[in-house]
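File shown: structure-v8.cif. Contents: mmCIF, C-alpha atoms and all ligand atoms.
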data_model
loop_
_atom_site.group_PDB
_atom_site.id
_atom_site.type_symbol
_atom_site.label_atom_id
_atom_site.label_comp_id
_atom_site.auth_asym_id
_atom_site.auth_seq_id
_atom_site.Cartn_x
_atom_site.Cartn_y
_atom_site.Cartn_z
ATOM 1 C CA MET A 1 -5.915 -41.175 82.725
ATOM 2 C CA SER A 2 -9.262 -39.586 81.974
ATOM 3 C CA GLU A 3 -10.673 -39.361 78.450
ATOM 4 C CA PRO A 4 -9.580 -36.372 76.339
ATOM 5 C CA ARG A 5 -12.024 -33.483 76.526
ATOM 6 C CA LEU A 6 -12.050 -33.316 72.737
ATOM 7 C CA ARG A 7 -10.895 -35.705 70.067
ATOM 8 C CA LEU A 8 -11.353 -35.192 66.361
ATOM 9 C CA ASP A 9 -10.849 -38.401 64.420
ATOM 10 C CA LYS A 10 -10.280 -38.010 60.648
ATOM 11 C CA VAL A 11 -12.927 -35.314 60.427
ATOM 12 C CA GLU A 12 -14.038 -34.258 56.950
ATOM 13 C CA ARG A 13 -16.239 -31.365 55.915
ATOM 14 C CA ARG A 14 -16.938 -30.109 52.428
ATOM 15 C CA PHE A 15 -19.252 -27.441 51.127
ATOM 16 C CA ARG A 16 -21.083 -27.256 47.841
ATOM 17 C CA THR A 17 -20.411 -23.922 46.175
ATOM 18 C CA GLU A 18 -21.139 -22.432 42.759
ATOM 19 C CA ALA A 19 -17.586 -23.284 41.747
ATOM 20 C CA GLY A 20 -18.082 -26.920 42.761
ATOM 21 C CA GLU A 21 -17.303 -28.890 45.879
ATOM 22 C CA LEU A 22 -14.991 -27.248 48.412
ATOM 23 C CA PRO A 23 -13.249 -29.727 50.707
ATOM 24 C CA VAL A 24 -12.442 -27.649 53.816
ATOM 25 C CA LEU A 25 -11.492 -30.346 56.313
ATOM 26 C CA ARG A 26 -9.852 -33.455 54.924
ATOM 27 C CA GLY A 27 -9.120 -35.781 57.795
ATOM 28 C CA ALA A 28 -8.450 -33.325 60.631
ATOM 29 C CA GLU A 29 -7.175 -34.944 63.820
ATOM 30 C CA LEU A 30 -6.779 -33.262 67.178
ATOM 31 C CA THR A 31 -6.751 -34.304 70.822
ATOM 32 C CA LEU A 32 -7.211 -31.900 73.731
ATOM 33 C CA ASN A 33 -6.600 -33.334 77.158
ATOM 34 C CA ALA A 34 -8.082 -31.893 80.331
ATOM 35 C CA GLY A 35 -6.734 -28.437 81.042
ATOM 36 C CA GLU A 36 -4.820 -28.123 77.769
ATOM 37 C CA ILE A 37 -4.988 -24.730 76.065
ATOM 38 C CA VAL A 38 -4.372 -24.804 72.325
ATOM 39 C CA ALA A 39 -4.186 -21.938 69.849
ATOM 40 C CA LEU A 40 -5.575 -22.466 66.356
ATOM 41 C CA VAL A 41 -3.762 -20.052 64.073
ATOM 42 C CA ALA A 42 -4.338 -20.359 60.348
ATOM 43 C CA PRO A 43 -4.910 -18.083 57.367
ATOM 44 C CA SER A 44 -8.388 -16.765 56.725
ATOM 45 C CA GLY A 45 -10.674 -19.202 54.962
ATOM 46 C CA THR A 46 -8.757 -22.358 55.842
ATOM 47 C CA GLY A 47 -11.516 -23.742 58.060
ATOM 48 C CA LYS A 48 -11.003 -22.537 61.649
ATOM 49 C CA SER A 49 -14.651 -21.647 62.218
ATOM 50 C CA THR A 50 -15.773 -24.815 60.458
ATOM 51 C CA LEU A 51 -13.574 -26.855 62.778
ATOM 52 C CA LEU A 52 -14.898 -25.067 65.871
ATOM 53 C CA HIS A 53 -18.507 -25.615 64.758
ATOM 54 C CA LEU A 54 -17.854 -29.337 64.365
ATOM 55 C CA ALA A 55 -15.976 -29.573 67.673
ATOM 56 C CA GLY A 56 -18.848 -27.711 69.339
ATOM 57 C CA LEU A 57 -21.446 -30.137 67.943
ATOM 58 C CA LEU A 58 -23.150 -27.302 66.087
ATOM 59 C CA GLU A 59 -22.670 -29.151 62.814
ATOM 60 C CA ARG A 60 -21.976 -32.740 61.874
ATOM 61 C CA PRO A 61 -18.925 -33.812 59.856
ATOM 62 C CA ASP A 62 -19.349 -35.486 56.460
ATOM 63 C CA ALA A 63 -16.982 -38.216 57.655
ATOM 64 C CA GLY A 64 -14.952 -38.953 60.762
ATOM 65 C CA GLU A 65 -16.007 -38.559 64.373
ATOM 66 C CA VAL A 66 -16.001 -35.955 67.128
ATOM 67 C CA PHE A 67 -15.536 -37.298 70.658
ATOM 68 C CA ILE A 68 -16.442 -35.181 73.677
ATOM 69 C CA ASP A 69 -15.204 -36.668 76.956
ATOM 70 C CA GLY A 70 -14.809 -39.967 75.105
ATOM 71 C CA LYS A 71 -18.373 -39.964 73.795
ATOM 72 C CA ALA A 72 -18.808 -40.315 70.024
ATOM 73 C CA ALA A 73 -21.094 -37.418 69.124
ATOM 74 C CA GLY A 74 -22.107 -38.940 65.788
ATOM 75 C CA THR A 75 -23.950 -41.736 67.570
ATOM 76 C CA LEU A 76 -26.196 -39.267 69.395
ATOM 77 C CA GLY A 77 -29.520 -37.814 68.294
ATOM 78 C CA ASP A 78 -30.085 -34.069 68.207
ATOM 79 C CA GLU A 79 -31.447 -33.850 71.750
ATOM 80 C CA ALA A 80 -28.595 -35.818 73.292
ATOM 81 C CA ARG A 81 -26.100 -33.695 71.352
ATOM 82 C CA SER A 82 -27.665 -30.483 72.679
ATOM 83 C CA GLY A 83 -27.536 -31.875 76.200
ATOM 84 C CA LEU A 84 -23.887 -32.850 75.863
ATOM 85 C CA ARG A 85 -23.097 -29.447 74.349
ATOM 86 C CA GLY A 86 -24.845 -27.591 77.173
ATOM 87 C CA ARG A 87 -23.112 -29.581 79.899
ATOM 88 C CA SER A 88 -19.636 -29.951 78.469
ATOM 89 C CA ILE A 89 -18.858 -27.107 76.072
ATOM 90 C CA GLY A 90 -18.645 -23.338 76.463
ATOM 91 C CA PHE A 91 -18.421 -20.973 73.492
ATOM 92 C CA VAL A 92 -16.985 -17.502 73.077
ATOM 93 C CA TYR A 93 -17.425 -15.767 69.735
ATOM 94 C CA GLN A 94 -15.791 -12.686 68.264
ATOM 95 C CA PHE A 95 -19.004 -10.726 68.818
ATOM 96 C CA HIS A 96 -20.464 -11.329 72.230
ATOM 97 C CA HIS A 97 -23.878 -12.743 71.163
ATOM 98 C CA LEU A 98 -25.352 -11.744 74.510
ATOM 99 C CA LEU A 99 -29.130 -11.478 74.696
ATOM 100 C CA PRO A 100 -29.757 -7.714 74.450
ATOM 101 C CA GLU A 101 -32.990 -7.695 76.454
ATOM 102 C CA PHE A 102 -31.414 -9.385 79.450
ATOM 103 C CA THR A 103 -28.993 -8.015 82.032
ATOM 104 C CA ALA A 104 -25.392 -9.183 82.344
ATOM 105 C CA LEU A 105 -26.424 -11.297 85.320
ATOM 106 C CA GLU A 106 -29.367 -12.861 83.489
ATOM 107 C CA ASN A 107 -27.170 -13.680 80.507
ATOM 108 C CA VAL A 108 -24.935 -15.743 82.813
ATOM 109 C CA VAL A 109 -27.861 -17.212 84.773
ATOM 110 C CA LEU A 110 -29.895 -18.459 81.803
ATOM 111 C CA PRO A 111 -27.602 -21.213 80.466
ATOM 112 C CA GLN A 112 -27.339 -22.605 83.991
ATOM 113 C CA MET A 113 -31.118 -22.756 84.348
ATOM 114 C CA VAL A 114 -31.379 -24.446 80.952
ATOM 115 C CA ASN A 115 -29.038 -27.034 82.460
ATOM 116 C CA GLY A 116 -31.305 -27.538 85.465
ATOM 117 C CA ALA A 117 -29.742 -25.240 88.078
ATOM 118 C CA SER A 118 -32.050 -23.410 90.508
ATOM 119 C CA GLU A 119 -32.375 -19.672 89.939
ATOM 120 C CA GLN A 120 -30.769 -18.992 93.305
ATOM 121 C CA ALA A 121 -27.740 -21.203 92.695
ATOM 122 C CA ALA A 122 -27.365 -19.860 89.143
ATOM 123 C CA ALA A 123 -27.478 -16.255 90.338
ATOM 124 C CA ALA A 124 -24.885 -16.918 93.039
ATOM 125 C CA ARG A 125 -22.543 -18.502 90.511
ATOM 126 C CA ALA A 126 -23.157 -15.695 88.000
ATOM 127 C CA ARG A 127 -22.346 -13.019 90.602
ATOM 128 C CA GLU A 128 -19.163 -14.818 91.554
ATOM 129 C CA LEU A 129 -18.072 -15.203 87.934
ATOM 130 C CA LEU A 130 -18.876 -11.602 87.021
ATOM 131 C CA ALA A 131 -17.015 -10.349 90.083
ATOM 132 C CA GLY A 132 -14.032 -12.476 89.028
ATOM 133 C CA PHE A 133 -14.059 -10.557 85.754
ATOM 134 C CA GLY A 134 -14.175 -7.207 87.537
ATOM 135 C CA LEU A 135 -17.844 -6.621 86.727
ATOM 136 C CA GLN A 136 -19.289 -6.172 90.194
ATOM 137 C CA GLY A 137 -21.748 -3.300 90.111
ATOM 138 C CA ARG A 138 -22.508 -3.984 86.430
ATOM 139 C CA GLU A 139 -24.661 -7.071 86.952
ATOM 140 C CA ASP A 140 -27.905 -5.262 86.228
ATOM 141 C CA HIS A 141 -26.729 -3.547 83.060
ATOM 142 C CA ARG A 142 -27.955 -4.730 79.713
ATOM 143 C CA PRO A 143 -25.257 -5.453 77.104
ATOM 144 C CA GLY A 144 -25.983 -2.174 75.286
ATOM 145 C CA ARG A 145 -24.821 -0.244 78.336
ATOM 146 C CA LEU A 146 -21.531 -2.119 78.653
ATOM 147 C CA SER A 147 -18.281 -1.392 76.820
ATOM 148 C CA GLY A 148 -16.996 -3.877 74.218
ATOM 149 C CA GLY A 149 -14.483 -5.295 76.686
ATOM 150 C CA GLU A 150 -17.138 -5.638 79.383
ATOM 151 C CA GLN A 151 -19.529 -7.335 76.973
ATOM 152 C CA GLN A 152 -16.850 -9.816 76.041
ATOM 153 C CA ARG A 153 -16.074 -10.522 79.714
ATOM 154 C CA VAL A 154 -19.760 -11.251 80.321
ATOM 155 C CA ALA A 155 -19.658 -13.592 77.311
ATOM 156 C CA ILE A 156 -16.667 -15.417 78.811
ATOM 157 C CA ALA A 157 -18.423 -15.672 82.188
ATOM 158 C CA ARG A 158 -21.469 -17.082 80.416
ATOM 159 C CA ALA A 159 -19.329 -19.638 78.562
ATOM 160 C CA LEU A 160 -17.850 -20.853 81.861
ATOM 161 C CA ALA A 161 -21.102 -20.760 83.827
ATOM 162 C CA ASN A 162 -21.912 -24.462 83.498
ATOM 163 C CA ARG A 163 -18.339 -25.478 84.392
ATOM 164 C CA PRO A 164 -17.688 -27.009 80.960
ATOM 165 C CA GLY A 165 -14.662 -29.235 80.473
ATOM 166 C CA LEU A 166 -14.052 -27.642 77.083
ATOM 167 C CA LEU A 167 -14.078 -24.037 75.926
ATOM 168 C CA LEU A 168 -14.145 -23.169 72.225
ATOM 169 C CA ALA A 169 -13.373 -19.606 71.241
ATOM 170 C CA ASP A 170 -13.375 -17.996 67.791
ATOM 171 C CA GLU A 171 -11.304 -14.788 67.836
ATOM 172 C CA PRO A 172 -12.582 -14.007 71.345
ATOM 173 C CA THR A 173 -10.920 -10.593 71.498
ATOM 174 C CA GLY A 174 -10.768 -9.918 67.750
ATOM 175 C CA ASN A 175 -13.341 -7.156 68.020
ATOM 176 C CA LEU A 176 -11.507 -5.146 70.702
ATOM 177 C CA ASP A 177 -8.765 -2.522 70.561
ATOM 178 C CA VAL A 178 -5.236 -3.727 71.297
ATOM 179 C CA ALA A 179 -5.072 -2.725 74.983
ATOM 180 C CA THR A 180 -8.542 -4.062 75.796
ATOM 181 C CA SER A 181 -7.890 -7.242 73.846
ATOM 182 C CA GLU A 182 -4.719 -7.764 75.861
ATOM 183 C CA ARG A 183 -6.523 -7.345 79.189
ATOM 184 C CA VAL A 184 -9.559 -9.444 78.315
ATOM 185 C CA PHE A 185 -7.393 -12.178 76.851
ATOM 186 C CA ALA A 186 -5.257 -12.335 80.003
ATOM 187 C CA GLN A 187 -8.439 -12.682 82.071
ATOM 188 C CA LEU A 188 -9.748 -15.384 79.759
ATOM 189 C CA LEU A 189 -6.537 -17.404 80.074
ATOM 190 C CA GLU A 190 -6.436 -16.965 83.837
ATOM 191 C CA ALA A 191 -10.035 -18.095 84.230
ATOM 192 C CA VAL A 192 -9.555 -21.091 81.941
ATOM 193 C CA ARG A 193 -6.322 -22.165 83.646
ATOM 194 C CA GLY A 194 -7.814 -21.637 87.101
ATOM 195 C CA ALA A 195 -10.790 -23.832 86.275
ATOM 196 C CA GLY A 196 -8.705 -26.533 84.541
ATOM 197 C CA VAL A 197 -10.769 -26.149 81.375
ATOM 198 C CA ALA A 198 -9.387 -27.416 78.056
ATOM 199 C CA ALA A 199 -9.587 -24.691 75.427
ATOM 200 C CA LEU A 200 -9.255 -24.403 71.674
ATOM 201 C CA ILE A 201 -8.892 -20.751 70.756
ATOM 202 C CA ALA A 202 -8.756 -19.484 67.178
ATOM 203 C CA THR A 203 -6.785 -16.272 66.857
ATOM 204 C CA HIS A 204 -4.921 -14.300 64.240
ATOM 205 C CA ASN A 205 -2.693 -12.779 66.904
ATOM 206 C CA PRO A 206 0.668 -14.592 67.237
ATOM 207 C CA ASP A 207 1.446 -12.885 70.573
ATOM 208 C CA LEU A 208 -1.736 -14.259 72.095
ATOM 209 C CA ALA A 209 -1.120 -17.680 70.547
ATOM 210 C CA ALA A 210 2.355 -17.817 72.083
ATOM 211 C CA ARG A 211 0.826 -17.699 75.568
ATOM 212 C CA MET A 212 -1.042 -20.968 75.081
ATOM 213 C CA ASP A 213 0.313 -24.468 75.710
ATOM 214 C CA ARG A 214 0.715 -25.234 72.024
ATOM 215 C CA VAL A 215 -0.146 -23.863 68.622
ATOM 216 C CA VAL A 216 -1.732 -25.775 65.755
ATOM 217 C CA THR A 217 -2.593 -24.703 62.249
ATOM 218 C CA LEU A 218 -4.630 -26.022 59.332
ATOM 219 C CA ARG A 219 -2.856 -27.145 56.214
ATOM 220 C CA GLU A 220 -4.770 -28.645 53.306
ATOM 221 C CA GLY A 221 -7.634 -29.545 55.594
ATOM 222 C CA ARG A 222 -5.533 -31.224 58.256
ATOM 223 C CA ILE A 223 -4.253 -30.059 61.610
ATOM 224 C CA VAL A 224 -0.510 -29.765 61.935
ATOM 225 C CA ALA A 225 1.775 -28.224 64.570
ATOM 226 C CA GLY A 226 1.917 -24.455 64.099
HETATM 227 N N1 LIG B 301 -21.937 -23.017 54.900
HETATM 228 C C1 LIG B 301 -20.993 -22.860 53.979
HETATM 229 N N2 LIG B 301 -21.269 -23.009 52.665
HETATM 230 C C2 LIG B 301 -20.317 -22.863 51.721
HETATM 231 N N3 LIG B 301 -19.026 -22.562 51.989
HETATM 232 C C3 LIG B 301 -18.691 -22.395 53.278
HETATM 233 C C4 LIG B 301 -19.639 -22.527 54.338
HETATM 234 N N4 LIG B 301 -19.007 -22.298 55.503
HETATM 235 C C5 LIG B 301 -17.714 -22.044 55.211
HETATM 236 N N5 LIG B 301 -17.525 -22.108 53.882
HETATM 237 C C6 LIG B 301 -16.240 -21.909 53.181
HETATM 238 O O1 LIG B 301 -15.296 -22.784 53.791
HETATM 239 C C7 LIG B 301 -14.034 -22.153 53.902
HETATM 240 C C8 LIG B 301 -13.602 -22.124 55.356
HETATM 241 O O2 LIG B 301 -14.425 -21.231 56.078
HETATM 242 P P1 LIG B 301 -14.187 -20.901 57.618
HETATM 243 O O3 LIG B 301 -15.194 -19.871 58.006
HETATM 244 O O4 LIG B 301 -14.174 -22.166 58.396
HETATM 245 O O5 LIG B 301 -12.707 -20.263 57.587
HETATM 246 P P2 LIG B 301 -11.877 -19.506 58.721
HETATM 247 O O6 LIG B 301 -10.521 -20.116 58.707
HETATM 248 O O7 LIG B 301 -12.641 -19.533 60.004
HETATM 249 O O8 LIG B 301 -11.796 -18.034 58.161
HETATM 250 P P3 LIG B 301 -11.667 -16.605 58.927
HETATM 251 O O9 LIG B 301 -10.331 -16.630 59.611
HETATM 252 O O10 LIG B 301 -11.742 -15.620 57.822
HETATM 253 O O11 LIG B 301 -12.832 -16.536 59.885
HETATM 254 C C9 LIG B 301 -14.192 -20.774 53.296
HETATM 255 O O12 LIG B 301 -13.745 -20.835 51.952
HETATM 256 C C10 LIG B 301 -15.674 -20.531 53.356
HETATM 257 O O13 LIG B 301 -16.101 -19.678 52.332
#
When written as structure tokens, how does the structure in this file appear?
Ligand SMILES: Nc1ncnc2c1ncn2[C@@H]1O[C@H](COP(=O)(O)OP(=O)(O)OP(=O)(O)O)[C@@H](O)[C@H]1O
Amino acid sequence: MSEPRLRLDKVERRFRTEAGELPVLRGAELTLNAGEIVALVAPSGTGKSTLLHLAGLLERPDAGEVFIDGKAAGTLGDEARSGLRGRSIGFVYQFHHLLPEFTALENVVLPQMVNGASEQAAAARARELLAGFGLQGREDHRPGRLSGGEQQRVAIARALANRPGLLLADEPTGNLDVATSERVFAQLLEAVRGAGVAALIATHNPDLAARMDRVVTLREGRIVAG
């Protein structure tokens, strides 16, 4: 049995605020095995984004450990963490965060080149991914000339470009109208399942959550079955 793609071991995170210390995560534990798709559904302000930032190695926990493919991230320096993040983790945010000056194709090519791919190989993969999301013919458009749904599909293609084992998504279709959200979400799930990627997807939408393998929630800073 291979190592879990993601394991959170007694993760704690607190913030200092004007009102005092705010303990957001208080020993959160979660394991995602290869190919497992998990919905994170919890009320606003309970720590979903905080959890995703920690799982994505964008921040460090105050206590506990984050394991990516069995590797304890806390033991790594900043450079090694960035390398592990780039190779193993894809992110999709509520707002696409595409680079506005670059075309759709370039947005999907760039993270691959950062990871050491040749421009030619990266472009071939980007074209294939974009076509898979129904974006053939749009490769040379900048994000500003794409619809919200198209922008988000480019963002998903970008997140999958380096063939990560783990995808983290924070309300990936939360910015889209209901019909577009439905379509883009179905494409996201299909792509993730097809590639065998483990995914942790925060959503407020119970219908979308019900399509994943399991649902978890946050209660008093811990993860419990949803
Ligand atoms: N950098 C920070 N400094 C201080 N407080 C913070 C910081 N980041 C988050 N918080 C607080 O921690 C709590 C959890 O925030 P978080 O963004 O993780 O919640 P969330 O569940 O993702 O919410 P939403 O569903 O509204 O996006 C909130 O009370 C928030 O105000």
For this session: Would you work out the distance separating atom CA of Arg193 of chain A from atom CA of Ala155 of chain A, expressed in Å to one decimal?
Result: 17.1 Å
Problem set entry | Residues returned when the PyMOL selection byres (((not hetatm)) within 8 of (chain B and resi 301)) runs on this file, as number ranges by chain | A: 14-17, 22-24, 42-51, 170, 204
Could you please take those selected residues and save C-alpha atoms as a JSON list (two decimals), keeping the file's coordinate frame?
[["chain", "number", "residue", "atom", "x", "y", "z"],
["A", 14, "ARG", "CA", -16.94, -30.11, 52.43],
["A", 15, "PHE", "CA", -19.25, -27.44, 51.13],
["A", 16, "ARG", "CA", -21.08, -27.26, 47.84],
["A", 17, "THR", "CA", -20.41, -23.92, 46.18],
["A", 22, "LEU", "CA", -14.99, -27.25, 48.41],
["A", 23, "PRO", "CA", -13.25, -29.73, 50.71],
["A", 24, "VAL", "CA", -12.44, -27.65, 53.82],
["A", 42, "ALA", "CA", -4.34, -20.36, 60.35],
["A", 43, "PRO", "CA", -4.91, -18.08, 57.37],
["A", 44, "SER", "CA", -8.39, -16.76, 56.72],
["A", 45, "GLY", "CA", -10.67, -19.20, 54.96],
["A", 46, "THR", "CA", -8.76, -22.36, 55.84],
["A", 47, "GLY", "CA", -11.52, -23.74, 58.06],
["A", 48, "LYS", "CA", -11.00, -22.54, 61.65],
["A", 49, "SER", "CA", -14.65, -21.65, 62.22],
["A", 50, "THR", "CA", -15.77, -24.82, 60.46],
["A", 51, "LEU", "CA", -13.57, -26.86, 62.78],
["A", 170, "ASP", "CA", -13.38, -18.00, 67.79],
["A", 204, "HIS", "CA", -4.92, -14.30, 64.24]]
For this session: Give me the result of the PyMOL selection byres (((chain A and resi 125) around 12) and not hetatm) on this file, residue by residue, as a ChimeraX atom specification.
Result: /A:105-106,108-113,117-124,126-132,157-158,160-163
Problem set entry | d(atom CA of Ile156 of chain A, atom CA of Ala80 of chain A) in Å |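 Distance between the two atoms: 24.3 Å.
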Exercise. Do you know which residues are at most 9 Å from Val192 of chain A counting only C-alpha atoms, after dropping those on the same chain fewer than 5 positions away, and could you put them as a PyMOL selection string?
Worked result: chain A and resi 35+37+160+167+187+197-199
Problem set entry | From A:Ala72, A:Ala19, A:Leu189, A:Leu6, residue lying nearest Leu166 of chain A [all atoms listed in the file] | A:Leu6
Exercise. Which residues come within 12 Å of segment 145-147 of chain A, counting only C-alpha atoms, excluding same-chain residues fewer than 5 positions away, as a PyMOL selection string?
Worked result: chain A and resi 96+98+100-104+135+137-140+152-155+175-177+180+184
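Distance cut-off 7 Å, centre (-0.5, -8.7, 72.0), atoms counted all atoms listed in the file; the residues meeting this are A:Val178, A:Glu182, A:Asn205, A:Asp207, A:Leu208.
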Taking the file as shown, what set of residues would the PyMOL selection byres (((chain A and resi 28) around 7) and not hetatm) give back, as a PDB file with C-alpha atoms, in the coordinates of the input?
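out07.pdb written:
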ATOM      1  CA  LEU A   8     -11.353 -35.192  66.361  1.00  0.00           C
ATOM      2  CA  ASP A   9     -10.849 -38.401  64.420  1.00  0.00           C
ATOM      3  CA  LYS A  10     -10.280 -38.010  60.648  1.00  0.00           C
ATOM      4  CA  VAL A  11     -12.927 -35.314  60.427  1.00  0.00           C
ATOM      5  CA  GLU A  12     -14.038 -34.258  56.950  1.00  0.00           C
ATOM      6  CA  LEU A  25     -11.492 -30.346  56.313  1.00  0.00           C
ATOM      7  CA  ARG A  26      -9.852 -33.455  54.924  1.00  0.00           C
ATOM      8  CA  GLY A  27      -9.120 -35.781  57.795  1.00  0.00           C
ATOM      9  CA  GLU A  29      -7.175 -34.944  63.820  1.00  0.00           C
ATOM     10  CA  LEU A  30      -6.779 -33.262  67.178  1.00  0.00           C
ATOM     11  CA  GLY A 221      -7.634 -29.545  55.594  1.00  0.00           C
ATOM     12  CA  ARG A 222      -5.533 -31.224  58.256  1.00  0.00           C
ATOM     13  CA  ILE A 223      -4.253 -30.059  61.610  1.00  0.00           C
TER      14      ILE A 223
END
For this session: Please indicate the distance in Å from atom CA of Gly174 of chain A to atom CA of Phe133 of chain A, rounded to one decimal place.
Result: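 Distance between the two atoms: 18.3 Å.
Once Arg183 of chain A and its same-chain neighbours fewer than 5 positions away are set aside, A:Gly149, A:Thr173, A:Val178, A:Leu188 remain within 10 Å of it when counting only C-alpha atoms.
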Problem set entry | Close residues, Asn33 of chain A itself excluded, 9 Å, only C-alpha atoms, min 6 positions apart in chain, as a list in words |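 The filter keeps Ser2, Glu3, Pro4, Arg5, Leu6, Arg7 and Ala198 of chain A.
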Exercise. With all atoms listed in the file as the atoms that count, which of A:Gly148, A:Gly77, A:Gly116, A:Gly165 lies nearest to Gly90 of chain A?
Worked result: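 Of the candidates, the smallest distance to Gly90 of chain A is held by A:Gly165.
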Cut-off 10 Å around (3.9, -23.5, 70.8) with all atoms listed in the file: residues as a CSV table (one decimal) with C-alpha atoms, keeping the file's coordinate frame:
chain,number,residue,atom,x,y,z
A,38,VAL,CA,-4.4,-24.8,72.3
A,39,ALA,CA,-4.2,-21.9,69.8
A,209,ALA,CA,-1.1,-17.7,70.5
A,210,ALA,CA,2.4,-17.8,72.1
A,211,ARG,CA,0.8,-17.7,75.6
A,212,MET,CA,-1.0,-21.0,75.1
A,213,ASP,CA,0.3,-24.5,75.7
A,214,ARG,CA,0.7,-25.2,72.0
A,215,VAL,CA,-0.1,-23.9,68.6
A,216,VAL,CA,-1.7,-25.8,65.8
A,225,ALA,CA,1.8,-28.2,64.6
A,226,GLY,CA,1.9,-24.5,64.1
Box time for segment 204-221 of chain A: axis-aligned, enclosing all its listed atoms, 6 Å extra on each side; report centre and edge lengths in Å to one decimal, as AutoDock Vina command-line options.
--center_x -2.6 --center_y -21.2 --center_z 64.5 --size_x 22.0 --size_y 28.8 --size_z 34.4
